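Q: First the structure, then my questions, so here it is.
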Amino acid sequence: MKITVRPGGIAQTSSECIILGIYEGERSLEEPARVVDRASAGMLQEIMQSGDFKGERYRSFLLYKPREIVARRIMLVGLGKRKDCTLDKIRGAAAQGARAVRDLGLHELLMPATFARIPGVPQTGIIRALAEGVMLGLYAFDEFKTTNERKKKNVIEAVTILVENAQELQAARDAARKAAIIARAVQVVRDLVSRPANSATPAFMARTAKTIAKTSGLVCTVLSPSQAKKLGMGCFLGVAQGSREPAQFIVLEYVPAKAQHADTIVLVGKAITFDSGGSSLKPARGMERMKDDMSGGAAVLGIMQAAAQLKIPLRVIGIVPATENLPGGAALKPGDVITSLSGKTVEIITTDAEGRLILADALAYAQRYKPHAIIDLATLTGACITALGNDVAGVMGTDEQLINKIKEAAAATSEKIWQLPLWDEYSELLKSDIADIKNAAGRDAGAITGGCFLKEFTGKTPWVHLDIAGPAWTEKDRPYLPKGATGFGVRLLVHVLENWGKKGYIKGEKVNR
C-alpha cells in the first residue's frame, strides 16, 4: 500500500471514494464535510437530518455519484460525540472507513488531512493517526491461505491524504512517512507472531533479524548454542535443551550518526517460538496459541527496524533470545538447578516459567553495553491476564522516571499499561533452599513475582519490564486491531524512543512499588 500526501481541494480531486469523518449529534458540518455538502447541494445535511446517518462512532454510510463532486463515492464515518473524540478514535474511524471501502472491492481512497479536529492537536498528529489507522486496519495475514482464496481478497493499493494549505505540505508528508514506518514495523511483528511455530522457528527469527539489519542499516549478531555455552548462558540453554531446534541468541544494534553523544537503550524481548510448558506440560486446550510466546522478541525486531528508519538519535540495542520450550529426554525437570550468565544459580520449580530464564541471561548480557536504561517485553505470565485482562500490559521497574516515560507513551498511543508493585515482600517468595533463587513462587501475585525474578538480573541499570501476555493477541476484531496478533509494544516504545530527550532523562530514585 502506498500513502501519498498532496495538495488539492476535496471536491475537485478525483478518487474512487472519499472518506469523511462526521461528529454525532451536530447540526452544522465542519470542513471539509461542509465543502462536500455545498458541492452536492446539501446532500450530507439531508442525510443527517433524516436520521439515516447520525455520526455514531465507527458507523459508515455510502453515497454514490454525488453531484458536483469529482470523486465517484463518499464514505461517511462516524466519529461519535465531539467531546469524546481522541487520536485513537480517529485512528479507529480511519481504519473502519478503509475497511468499508475495501469491502466494496475498490483499490484506492482519499482522505482529507482535516478529517477531524482535536483542540491542542496539530494537523500532523491527525495525519499520523489517519495513516496508522488505515495501514493497521487493513492488515491481514494470509500467507498460508490457498492461492485462489488469496486472489479473491480485495486490496487497497493507494491512499491519498489531501492537504489544502500548501505551506503545511512538507510537515504533512513527514508525518505520514513516520506513521507508515511505524505501521510497517507493527505489520512485521504481526506477521512473525501469526506464523505457525513450525515456520517461525528460532532460526527463522534469526534470518528475519538479519534481513531487517540488511535493509535498515543495523548490525546483527547471532550467537550459536556453542557460543552461548562458552559465555555461560545456562538459563537460556537450559530451556532450549528439550528442543531439536537450535537456540538463537539474536542481537541487533543501531548506532546513530552522532553516537558519542547518544544515550544507549537496550530492548530485550522474550522469544519462545513455541511453549508447550516443557516437562511441566501445559493443558492441550489452547496450546495452539503458544506460537505467540515470542511476541516480545518479535516486537523488539519491529522496534529496531522503526528506530533505524526513523533515524532516532539514540544508540539502541535489541536482544532477542529465541528458542522453543518442549519436553524431551534432555529437557529441564522440576527440581533441577542451573547457573545463569550472571553466576546466580536457579532452582527450577516449574519448566513452564521458562521465559524469565531466557530473559535472565539476556538481561545480564545487556549489561556489557553499559546502557542508560533497559526495557524488556515478554508474554511472561497468565497471572497478568488474570489481574489486568486481555487489553492491558503490566509494567514494573526500578526507575520511576523511566516508568513515567512509558506511561506518557501509553497515553499517546493508547497501548494500555498499568503499574504493578515490586515490593521486597514479593522477592522473599522466590527464596530457594538449595540455590540462589527459584524460578517460580506459586499462584499468588504471579505477574509480580515474575518481575521480581527478572529484577535480580538487571544490576543497577534503570529497568522496566512489560508483561504483554494479554494485549499481544486479540480474539476480538477491532477497527485497527484485526483478530490475531496485535504487534503490541511497537508504537508504545517507538514513542518512548522518539521523545526520549524532550524533557531530558535523569536517573530517578530506585522504586519498590
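By convention in this document, the chains of the C-alpha cells carry letters A, B, ... by their order, each chain's residues are numbered from 1, and ligands are numbered from 1 in the order they are shown.
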Please report, as a PDB file with N, CA and C atoms, in the first residue's frame, each residue of range 88-170 of chain A to which DSSP assigns alpha helix (DSSP H) when run on this structure's backbone.
A:
```pdb
ATOM      1  N   ASP A  88      -6.963   8.190  19.141  1.00  0.00           N
ATOM      2  CA  ASP A  88      -7.202   6.762  18.975  1.00  0.00           C
ATOM      3  C   ASP A  88      -8.529   6.505  18.266  1.00  0.00           C
ATOM      4  N   LYS A  89      -9.528   7.320  18.549  1.00  0.00           N
ATOM      5  CA  LYS A  89     -10.817   7.150  17.871  1.00  0.00           C
ATOM      6  C   LYS A  89     -10.719   7.587  16.411  1.00  0.00           C
ATOM      7  N   ILE A  90      -9.886   8.581  16.128  1.00  0.00           N
ATOM      8  CA  ILE A  90      -9.631   8.946  14.734  1.00  0.00           C
ATOM      9  C   ILE A  90      -8.917   7.804  14.018  1.00  0.00           C
ATOM     10  N   ARG A  91      -7.967   7.207  14.698  1.00  0.00           N
ATOM     11  CA  ARG A  91      -7.266   6.045  14.142  1.00  0.00           C
ATOM     12  C   ARG A  91      -8.265   4.928  13.825  1.00  0.00           C
ATOM     13  N   GLY A  92      -9.198   4.700  14.748  1.00  0.00           N
ATOM     14  CA  GLY A  92     -10.208   3.664  14.541  1.00  0.00           C
ATOM     15  C   GLY A  92     -11.178   4.004  13.424  1.00  0.00           C
ATOM     16  N   ALA A  93     -11.586   5.263  13.346  1.00  0.00           N
ATOM     17  CA  ALA A  93     -12.521   5.668  12.293  1.00  0.00           C
ATOM     18  C   ALA A  93     -11.885   5.542  10.920  1.00  0.00           C
ATOM     19  N   ALA A  94     -10.622   5.933  10.808  1.00  0.00           N
ATOM     20  CA  ALA A  94      -9.914   5.798   9.530  1.00  0.00           C
ATOM     21  C   ALA A  94      -9.827   4.335   9.124  1.00  0.00           C
ATOM     22  N   ALA A  95      -9.536   3.474  10.105  1.00  0.00           N
ATOM     23  CA  ALA A  95      -9.453   2.044   9.820  1.00  0.00           C
ATOM     24  C   ALA A  95     -10.800   1.490   9.375  1.00  0.00           C
ATOM     25  N   GLN A  96     -11.854   1.890  10.087  1.00  0.00           N
ATOM     26  CA  GLN A  96     -13.189   1.374   9.768  1.00  0.00           C
ATOM     27  C   GLN A  96     -13.633   1.842   8.380  1.00  0.00           C
ATOM     28  N   GLY A  97     -13.351   3.096   8.064  1.00  0.00           N
ATOM     29  CA  GLY A  97     -13.704   3.602   6.746  1.00  0.00           C
ATOM     30  C   GLY A  97     -12.938   2.896   5.641  1.00  0.00           C
ATOM     31  N   ALA A  98     -11.654   2.675   5.858  1.00  0.00           N
ATOM     32  CA  ALA A  98     -10.833   1.993   4.855  1.00  0.00           C
ATOM     33  C   ALA A  98     -11.305   0.554   4.649  1.00  0.00           C
ATOM     34  N   ARG A  99     -11.697  -0.093   5.718  1.00  0.00           N
ATOM     35  CA  ARG A  99     -12.225  -1.468   5.591  1.00  0.00           C
ATOM     36  C   ARG A  99     -13.509  -1.477   4.759  1.00  0.00           C
ATOM     37  N   ALA A 100     -14.374  -0.500   5.012  1.00  0.00           N
ATOM     38  CA  ALA A 100     -15.636  -0.439   4.259  1.00  0.00           C
ATOM     39  C   ALA A 100     -15.379  -0.211   2.778  1.00  0.00           C
ATOM     40  N   VAL A 101     -14.393   0.620   2.461  1.00  0.00           N
ATOM     41  CA  VAL A 101     -14.030   0.856   1.064  1.00  0.00           C
ATOM     42  C   VAL A 101     -13.446  -0.411   0.448  1.00  0.00           C
ATOM     43  N   ARG A 102     -12.579  -1.078   1.177  1.00  0.00           N
ATOM     44  CA  ARG A 102     -12.001  -2.335   0.683  1.00  0.00           C
ATOM     45  C   ARG A 102     -13.085  -3.365   0.398  1.00  0.00           C
ATOM     46  N   ASP A 103     -14.075  -3.449   1.281  1.00  0.00           N
ATOM     47  CA  ASP A 103     -15.130  -4.452   1.120  1.00  0.00           C
ATOM     48  C   ASP A 103     -16.016  -4.173  -0.090  1.00  0.00           C
ATOM     49  N   GLN A 123      -2.262  19.347  13.011  1.00  0.00           N
ATOM     50  CA  GLN A 123      -2.709  18.552  11.872  1.00  0.00           C
ATOM     51  C   GLN A 123      -1.803  17.357  11.617  1.00  0.00           C
ATOM     52  N   THR A 124      -0.509  17.491  11.905  1.00  0.00           N
ATOM     53  CA  THR A 124       0.413  16.377  11.709  1.00  0.00           C
ATOM     54  C   THR A 124       0.046  15.185  12.594  1.00  0.00           C
ATOM     55  N   GLY A 125      -0.460  15.468  13.788  1.00  0.00           N
ATOM     56  CA  GLY A 125      -0.903  14.376  14.665  1.00  0.00           C
ATOM     57  C   GLY A 125      -2.106  13.659  14.093  1.00  0.00           C
ATOM     58  N   ILE A 126      -3.029  14.407  13.506  1.00  0.00           N
ATOM     59  CA  ILE A 126      -4.198  13.806  12.858  1.00  0.00           C
ATOM     60  C   ILE A 126      -3.749  12.948  11.677  1.00  0.00           C
ATOM     61  N   ILE A 127      -2.813  13.456  10.894  1.00  0.00           N
ATOM     62  CA  ILE A 127      -2.335  12.718   9.719  1.00  0.00           C
ATOM     63  C   ILE A 127      -1.678  11.409  10.129  1.00  0.00           C
ATOM     64  N   ARG A 128      -0.885  11.435  11.185  1.00  0.00           N
ATOM     65  CA  ARG A 128      -0.258  10.191  11.660  1.00  0.00           C
ATOM     66  C   ARG A 128      -1.320   9.180  12.087  1.00  0.00           C
ATOM     67  N   ALA A 129      -2.349   9.662  12.776  1.00  0.00           N
ATOM     68  CA  ALA A 129      -3.425   8.763  13.206  1.00  0.00           C
ATOM     69  C   ALA A 129      -4.154   8.177  12.003  1.00  0.00           C
ATOM     70  N   LEU A 130      -4.405   8.997  10.982  1.00  0.00           N
ATOM     71  CA  LEU A 130      -5.087   8.511   9.778  1.00  0.00           C
ATOM     72  C   LEU A 130      -4.260   7.435   9.081  1.00  0.00           C
ATOM     73  N   ALA A 131      -2.975   7.717   8.875  1.00  0.00           N
ATOM     74  CA  ALA A 131      -2.116   6.768   8.165  1.00  0.00           C
ATOM     75  C   ALA A 131      -1.957   5.469   8.940  1.00  0.00           C
ATOM     76  N   GLU A 132      -1.745   5.568  10.251  1.00  0.00           N
ATOM     77  CA  GLU A 132      -1.631   4.367  11.075  1.00  0.00           C
ATOM     78  C   GLU A 132      -2.928   3.573  11.046  1.00  0.00           C
ATOM     79  N   GLY A 133      -4.050   4.261  11.199  1.00  0.00           N
ATOM     80  CA  GLY A 133      -5.337   3.566  11.237  1.00  0.00           C
ATOM     81  C   GLY A 133      -5.600   2.789   9.971  1.00  0.00           C
ATOM     82  N   VAL A 134      -5.367   3.411   8.811  1.00  0.00           N
ATOM     83  CA  VAL A 134      -5.608   2.730   7.545  1.00  0.00           C
ATOM     84  C   VAL A 134      -4.692   1.517   7.392  1.00  0.00           C
ATOM     85  N   MET A 135      -3.397   1.705   7.627  1.00  0.00           N
ATOM     86  CA  MET A 135      -2.446   0.606   7.413  1.00  0.00           C
ATOM     87  C   MET A 135      -2.662  -0.542   8.393  1.00  0.00           C
ATOM     88  N   LEU A 136      -2.947  -0.214   9.645  1.00  0.00           N
ATOM     89  CA  LEU A 136      -3.143  -1.266  10.646  1.00  0.00           C
ATOM     90  C   LEU A 136      -4.510  -1.924  10.508  1.00  0.00           C
ATOM     91  N   GLY A 137      -5.515  -1.134  10.125  1.00  0.00           N
ATOM     92  CA  GLY A 137      -6.860  -1.689   9.993  1.00  0.00           C
ATOM     93  C   GLY A 137      -7.020  -2.618   8.813  1.00  0.00           C
ATOM     94  N   THR A 147      -4.001 -20.326  -2.981  1.00  0.00           N
ATOM     95  CA  THR A 147      -3.811 -19.294  -3.998  1.00  0.00           C
ATOM     96  C   THR A 147      -5.133 -18.677  -4.425  1.00  0.00           C
ATOM     97  N   ASN A 148      -6.162 -19.506  -4.607  1.00  0.00           N
ATOM     98  CA  ASN A 148      -7.464 -18.993  -5.049  1.00  0.00           C
ATOM     99  C   ASN A 148      -8.069 -18.050  -4.033  1.00  0.00           C
ATOM    100  N   GLU A 149      -7.962 -18.404  -2.757  1.00  0.00           N
ATOM    101  CA  GLU A 149      -8.523 -17.536  -1.712  1.00  0.00           C
ATOM    102  C   GLU A 149      -7.791 -16.209  -1.658  1.00  0.00           C
ATOM    103  N   ARG A 150      -6.479 -16.230  -1.857  1.00  0.00           N
ATOM    104  CA  ARG A 150      -5.710 -15.000  -1.830  1.00  0.00           C
ATOM    105  C   ARG A 150      -6.085 -14.105  -3.007  1.00  0.00           C
ATOM    106  N   LYS A 151      -6.366 -14.722  -4.149  1.00  0.00           N
ATOM    107  CA  LYS A 151      -6.749 -13.941  -5.321  1.00  0.00           C
ATOM    108  C   LYS A 151      -8.080 -13.222  -5.119  1.00  0.00           C
ATOM    109  N   LYS A 152      -8.966 -13.843  -4.330  1.00  0.00           N
ATOM    110  CA  LYS A 152     -10.293 -13.262  -4.118  1.00  0.00           C
ATOM    111  C   LYS A 152     -10.257 -12.038  -3.208  1.00  0.00           C
ATOM    112  N   LEU A 169       2.436  21.282   3.562  1.00  0.00           N
ATOM    113  CA  LEU A 169       2.599  20.042   2.812  1.00  0.00           C
ATOM    114  C   LEU A 169       3.785  19.206   3.291  1.00  0.00           C
ATOM    115  N   GLN A 170       4.956  19.837   3.477  1.00  0.00           N
ATOM    116  CA  GLN A 170       6.140  19.064   3.845  1.00  0.00           C
ATOM    117  C   GLN A 170       5.990  18.431   5.224  1.00  0.00           C
TER     118      GLN A 170
END
```
Q: List the neighbours of Val251 in chain A out to 9 Å using only C-alpha atoms; skip same-chain residues closer than 4 positions along the sequence, and give me the result as a PyMOL selection string.
A: chain A and resi 209+219-223+317-321
Q: Restricting the calculation to only C-alpha atoms: of A:Cys452, A:Ile156, A:Glu68, A:Leu281, which residue gets closest to Gly105 in chain A?
A: A:Ile156
Q: Apply DSSP to the backbone of this structure and, from range 297-365 of chain A, keep only the residues in strand (DSSP E or B); write these as a VMD selection string.
A: chain A and resid 315 to 325 337 to 339 345 to 347
Q: Fewer than 5 positions away in the same chain doesn't count, so skip those; otherwise give me all residues within 12 Å of Arg315 in chain A, counting only C-alpha atoms, as a list in words.
A: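 Contacts, with the query itself left out: Leu218, Val219, Leu252, Glu253, Tyr254, Val255, Pro256, Ala257, Lys258, Ala259, Gln260, His261, Ala262, Asp263, Thr264, Ile265, Val266, Leu267, Met304, Ala307, Ala308, Tyr369, Lys370, Pro371, His372, Ala373, Leu497 and Trp500 of chain A.
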Q: May I ask which of the residues A:Ala200, A:Ala271, A:Ala298, A:Cys384 is the closest one to Val188 in chain A, counting only C-alpha atoms?
A: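 Looking at the shortest contact to Val188 in chain A, the residue is A:Ala298.
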Q: Applying 8 Å and only C-alpha atoms, which residues near Glu347 in chain A remain after dropping the ones on its own chain fewer than 6 positions away? List them as number ranges by chain.
A: A: 335-338, 432, 434-439
Q: Selected residues, N, CA and C atoms, written as a PDB file, in the first residue's frame, please.
A:
```
ATOM      1  N   GLY A 335      13.000 -29.213  39.905  1.00  0.00           N
ATOM      2  CA  GLY A 335      13.998 -29.623  40.879  1.00  0.00           C
ATOM      3  C   GLY A 335      15.422 -29.448  40.398  1.00  0.00           C
ATOM      4  N   ASP A 336      15.618 -29.296  39.086  1.00  0.00           N
ATOM      5  CA  ASP A 336      16.964 -29.065  38.562  1.00  0.00           C
ATOM      6  C   ASP A 336      17.486 -27.705  39.030  1.00  0.00           C
ATOM      7  N   VAL A 337      18.807 -27.582  39.056  1.00  0.00           N
ATOM      8  CA  VAL A 337      19.459 -26.313  39.355  1.00  0.00           C
ATOM      9  C   VAL A 337      20.387 -25.968  38.192  1.00  0.00           C
ATOM     10  N   ILE A 338      20.254 -24.743  37.688  1.00  0.00           N
ATOM     11  CA  ILE A 338      21.084 -24.294  36.568  1.00  0.00           C
ATOM     12  C   ILE A 338      21.776 -22.987  36.949  1.00  0.00           C
ATOM     13  N   SER A 432      15.146 -19.740  47.596  1.00  0.00           N
ATOM     14  CA  SER A 432      15.288 -21.192  47.412  1.00  0.00           C
ATOM     15  C   SER A 432      16.094 -21.781  48.554  1.00  0.00           C
ATOM     16  N   ILE A 434      18.018 -24.436  48.118  1.00  0.00           N
ATOM     17  CA  ILE A 434      19.238 -25.073  47.616  1.00  0.00           C
ATOM     18  C   ILE A 434      19.964 -24.250  46.552  1.00  0.00           C
ATOM     19  N   ALA A 435      19.392 -23.137  46.122  1.00  0.00           N
ATOM     20  CA  ALA A 435      20.025 -22.296  45.102  1.00  0.00           C
ATOM     21  C   ALA A 435      19.851 -20.833  45.488  1.00  0.00           C
ATOM     22  N   ASP A 436      20.404 -19.953  44.667  1.00  0.00           N
ATOM     23  CA  ASP A 436      20.295 -18.518  44.966  1.00  0.00           C
ATOM     24  C   ASP A 436      18.861 -18.017  44.843  1.00  0.00           C
ATOM     25  N   ILE A 437      18.113 -18.583  43.927  1.00  0.00           N
ATOM     26  CA  ILE A 437      16.753 -18.126  43.658  1.00  0.00           C
ATOM     27  C   ILE A 437      15.990 -19.253  42.982  1.00  0.00           C
ATOM     28  N   LYS A 438      14.677 -19.278  43.141  1.00  0.00           N
ATOM     29  CA  LYS A 438      13.873 -20.248  42.396  1.00  0.00           C
ATOM     30  C   LYS A 438      13.076 -19.521  41.326  1.00  0.00           C
ATOM     31  N   ASN A 439      12.672 -20.245  40.292  1.00  0.00           N
ATOM     32  CA  ASN A 439      12.096 -19.570  39.127  1.00  0.00           C
ATOM     33  C   ASN A 439      10.589 -19.354  39.214  1.00  0.00           C
TER      34      ASN A 439
END
```
